[in-house]
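Enquirer: One structure, pasted below without further comment.
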Amino acid sequence: MTDFDQRRRTLCMQLLGGLAGAALGGSAWARPSVDDTGKVFRLDGAGVTYAFGVNTDGQLQTLYWGSALAPDDRLAAPVPVPENSSNEMPVVLTPFEFPGFGGGLTVEPALKVTFPDGVRDLVLRHVDHRVDGDRIVIRLKDVSRAVHVTLTYAMDAATGILARSAVVENRTPGWIQVDQLAAASVNLPYADDYRMSYLTGRWAGEFALQTRPIVPGSIVIESRKGATSHQANPWLAISRGATEEESGPVWFGALGWSGSWRIHVDMDGLGGLRTTAGYNPFDFAYRLKPGESLASPVFHAGFSSEGFGGASRVFHRYQRSNILPVPPGASAPRLRPVLYNSWEATLFAVDEAGQTALAEKAASIGVERFVMDDGWFGARSSDKAGLGDWVVNRKKFPNGLAPLIKRVNALGMEFGLWVEPEMVNPDSDLYRAHPDWVIHFQGRPRSEARNQLVLNLARKDVYEHLLKMLDRLLADHAIGFLKWDHNRAWSEPGWPEVAAADQQRLYVAYVDNLYKLLAELRRRHPKVEIESCASGGGRVDLGIMALTDQVWTSDNTDPFDRLLIQDGFSRAYTPAIMMAWVTDAPNFVNRRVTSLEYRFLSAMQGGLGIGANLNHWKAEDFALAKRLVAGYKAIRKTVQQGDLYRLVSPQGGSNRSATLSVAQDGRQAVLFAFLHSSGLREAQPRIQLRGLDPKKEYALRAIAGKAVPRTPQRASGAYWMGHGLVVEMVGDFQAAAFVLEG
Ligand code: GLA
């Protein structure tokens, strides 16, 4: 096994075993069971059952996935699927848990390999299985060649979410080439009203929710870009025709991988629905020497019978308890500090005096973390030069960063810094010294984007250089936070340093080393938090999330656009990591003008940040900001770690939207309501809350805006959920926020 494989396997195990779970000391995985025939395997947790079995031909088939079956319900072992016609061989109709490309498989395989003699046929059969503590481990092997596959299944007892992954191992005497590897295939039985929801987008327009019917044929969502991408995110939800926000079945899944990925959903002619998620097979090849293995990413799959809202609440909970880093000794991820970021205020024009002035103003409104963005290093005065030269620019900071950091700390704030370690400008000392360090094909043009190239992090020397550089930066300065950016996709994905047959290992080896680098830095600097940014939300997935504390949701800071982006984000990911800034009006994206209060309330739906140029603020702006930052601190635990109800979604061009977050202990709930524009003297409908204790009394308090006259100041949960309240909103871009305390 190579270093890469060893490490990937470790990472998989950490995820499955619960790195976070271990720290939590509480997150339990469900106990799997095997029936007395040894043919049926079952995982049960939190109202969900997942069952699969092995048939008399040794094929592994899905049996059931959905709402919990009774413990005594016996599931019959699967039987080989009969031939339907000569045009539909059994193999294409079998609901395989992990199909190999072979034996006539013409639907999507989970694994496809090429042997040195040209054979490209792989027929996987069950060898054995074991219940290993809280997981089921299944071993499969090709019918004649020593290609072994180990499948791991673990279900989180608290959420019923199943983590699946696969490892393929070459025990043949020669090399094998893995052409395609998925973490899992999951199957659902025939229904004529399935729908698929997924997230697409672009720069400044991430997390756009798409929903379409599933009919025979394939739907592919993917990234070929070397990173997760803005264009599609590795999450999907499958629902039924009658599913709504708070009712009906939703099966969902997300792949924990920050490189090129693919999720393939196909319905065959007889209505069987299969979802296969893993490395993107496009341009993929991973050659394994004898004894080597390759691990897949982890696919996290869940089910809720409580609609899209139930699905996202359970997935958010899983991310908080099983994925996100938890500080040593703590029982939950740390709450996001209120941050200030300099980017929109100063762009590349950062210097000691300017940043100090901003820091002083930021501290005065209650900011807890001051982040200096791009421009502090090398010859960086625009995006044309300096990337790669991570030495402090002495013209801008004649005495280094220490005086600024000292001042920031003295103001009671943590200091944070922007870096983009994986990139280089050709106009940089690093590139002049090491032009061979970038991803490229020998003798071919190197396509630039934002005047930069991508360093080949799969190379050992690049990895070691970045580790040394970042380690030193963190050791030499009192830095509490890194904003880790990644501003372009790959091009010309070559790795000329290694043999031609090994070059496509890049797709895995790069991301492996990225994870290894983040993990090592966290180990050496356990107090430093990291944000995953990629020109906004281009690298948000459960892989990077295990190693970073928050994400930059989008470069689009327009507070109205953000409502839609944040709604889409919340379908897949927890608000506990979703950063949102209050910036200037008119906003740079749309030139839209909104009030400071509206901008705050939109940003307060996630981790709050301020990115406005505070030098332009008036006294009343500071006063309002100070009040709202204080108000946010009193509700942030509920907003970040509570249960989210999308009461009125902004999807589909809705004129209004509203969310409610209910604290885990049920004692606080936070309501945000937004109106795009009022017209024609249209009335405001009542907003009926959810998730409260009907018998408990809750006091209503406004953070901003007001409810219509005669709204009670105290009432039961039953009242707020049944009767609801009407928020007074007239005008364009109106917003209000309330706290209910019980
Ligand atoms: C990316 C990020 C921005 C900012 C710039 C700096 O675009 O998404 O927030 O950090 O880089 O160059």
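By convention here, the chains of the structure tokens are called A, B, ... in the order presented, each chain's residues are numbered starting at 1, and ligands are numbered starting at 1 in the order presented.
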For ligand 1, collect every residue having any atom at a distance of at most 8 Å from a ligand atom (counting only C-alpha atoms and all ligand atoms); output as a list in words.
Expert: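 Counting only C-alpha atoms and all ligand atoms, the residues within 8 Å of ligand 1 come out as Trp343, Glu344, Leu347, Phe348, Asp373, Asp374, Gly375, Asp383, Trp418, Lys483, Asp485, His486, Asn487, Cys533, Ala534, Ser535, Gly536, Gly537, Trp552, Ser554 and Asp555 of chain A.
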Enquirer: List as a PyMOL selection string the protein and nucleic acid residues near range 573-583 of chain A, meaning an atom at most 8 Å away when only C-alpha atoms are counted, but skip any in the same chain fewer than 4 places from it.
Expert: chain A and resi 312+315-317+319-320+335-336+344+549-553+557-559+566+569+587+596+599-600+602-613+639-641
Enquirer: Save the residues we just selected, C-alpha atoms, as a short mmCIF file (atom, residue, chain, number, x, y, z; two decimals), in the first residue's frame?
Expert:
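Result went into again_1.cif, see below:
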```
data_model
loop_
_atom_site.label_atom_id
_atom_site.label_comp_id
_atom_site.auth_asym_id
_atom_site.auth_seq_id
_atom_site.Cartn_x
_atom_site.Cartn_y
_atom_site.Cartn_z
CA SER A 312 -31.75 18.89 6.00
CA PHE A 315 -28.10 16.10 7.85
CA HIS A 316 -27.10 19.31 9.61
CA ARG A 317 -27.09 17.44 12.91
CA GLN A 319 -22.44 17.22 10.10
CA ARG A 320 -22.16 18.90 13.49
CA LEU A 335 -19.54 28.77 17.56
CA ARG A 336 -18.39 31.04 14.76
CA GLU A 344 -14.39 44.44 -0.10
CA ASP A 549 -14.25 25.09 10.52
CA GLN A 550 -16.30 27.23 8.19
CA VAL A 551 -16.81 28.00 4.52
CA TRP A 552 -17.08 31.16 2.49
CA THR A 553 -20.49 30.68 0.97
CA THR A 557 -22.58 39.53 -0.68
CA ASP A 558 -25.75 41.11 -2.03
CA PRO A 559 -28.09 40.46 0.91
CA GLN A 566 -28.33 30.52 1.69
CA PHE A 569 -26.87 25.96 0.84
CA ASN A 587 -23.45 46.06 -3.51
CA LEU A 596 -27.82 48.32 6.80
CA ARG A 599 -27.93 43.52 5.22
CA PHE A 600 -27.37 42.51 8.83
CA SER A 602 -29.61 38.49 5.89
CA ALA A 603 -26.06 37.84 7.14
CA MET A 604 -27.25 36.84 10.62
CA GLN A 605 -28.76 33.64 9.18
CA GLY A 606 -25.31 32.06 9.28
CA GLY A 607 -21.92 32.89 10.79
CA LEU A 608 -21.91 36.70 10.88
CA GLY A 609 -19.14 38.72 9.31
CA ILE A 610 -18.70 42.36 8.40
CA GLY A 611 -16.95 43.26 5.17
CA ALA A 612 -18.02 46.88 4.72
CA ASN A 613 -15.62 49.78 4.52
CA VAL A 639 -28.91 30.00 14.45
CA GLN A 640 -25.76 27.96 14.00
CA GLN A 641 -26.55 24.78 15.91
#
```
Enquirer: For each of A:Ala110, A:Val48, A:Leu563, A:Leu43, take the minimum atom-to-atom distance to Trp251 in chain A, counting only C-alpha atoms, then give the residue where this is smallest.
Expert: A:Val48
Enquirer: Applying 12 Å and only C-alpha atoms, which residues near His616 in chain A remain after dropping the ones on its own chain fewer than 6 positions away? List them as an MDAnalysis selection string.
Expert: chainID A and resid 345:346 357:358 361 583:585 622
Enquirer: Using the selection just defined, write its residues with N, CA, C and O atoms as a compact mmCIF listing (two decimals), in the first residue's frame.
Expert:
```txt
# COMPACT_ATOMS: atom_id res chain seq x y z
N ALA A 345 -13.49 46.11 1.43
CA ALA A 345 -13.16 47.48 1.82
C ALA A 345 -11.89 47.96 1.15
O ALA A 345 -11.82 49.09 0.65
N THR A 346 -10.86 47.12 1.13
CA THR A 346 -9.56 47.64 0.68
C THR A 346 -8.98 46.89 -0.51
O THR A 346 -7.94 47.29 -1.03
N ALA A 357 -6.67 50.91 11.40
CA ALA A 357 -7.84 51.79 11.53
C ALA A 357 -9.12 50.97 11.41
O ALA A 357 -10.07 51.16 12.18
N LEU A 358 -9.15 50.05 10.46
CA LEU A 358 -10.34 49.20 10.30
C LEU A 358 -10.54 48.33 11.53
O LEU A 358 -11.67 48.13 12.00
N LYS A 361 -12.13 50.16 14.39
CA LYS A 361 -13.57 50.38 14.18
C LYS A 361 -14.34 49.07 14.33
O LYS A 361 -15.44 49.04 14.88
N THR A 583 -21.86 43.92 3.83
CA THR A 583 -20.93 44.76 3.05
C THR A 583 -21.61 46.07 2.66
O THR A 583 -22.67 46.41 3.17
N ASP A 584 -20.99 46.80 1.74
CA ASP A 584 -21.49 48.14 1.41
C ASP A 584 -22.67 48.12 0.45
O ASP A 584 -22.87 47.17 -0.30
N ALA A 585 -23.43 49.19 0.47
CA ALA A 585 -24.50 49.39 -0.51
C ALA A 585 -24.17 50.68 -1.29
O ALA A 585 -23.76 51.65 -0.65
N PHE A 622 -22.61 52.78 13.13
CA PHE A 622 -21.88 52.06 14.19
C PHE A 622 -22.84 51.67 15.31
O PHE A 622 -22.77 50.55 15.84
```
Enquirer: With distances taken over only C-alpha atoms, which residue among A:Asn556, A:Asn393, A:Gln503, A:Ser86 lies nearest Phe441 in chain A?
Expert: A:Gln503
Enquirer: Within 12 Å of Tyr645 in chain A, counting only C-alpha atoms, which residues qualify if same-chain residues fewer than 2 places away don't, as a ChimeraX atom specification?
Expert: /A:245-246,306-314,316,567,570-571,575,605,638-639,642-643,647-649,657-663,669-672,687-692
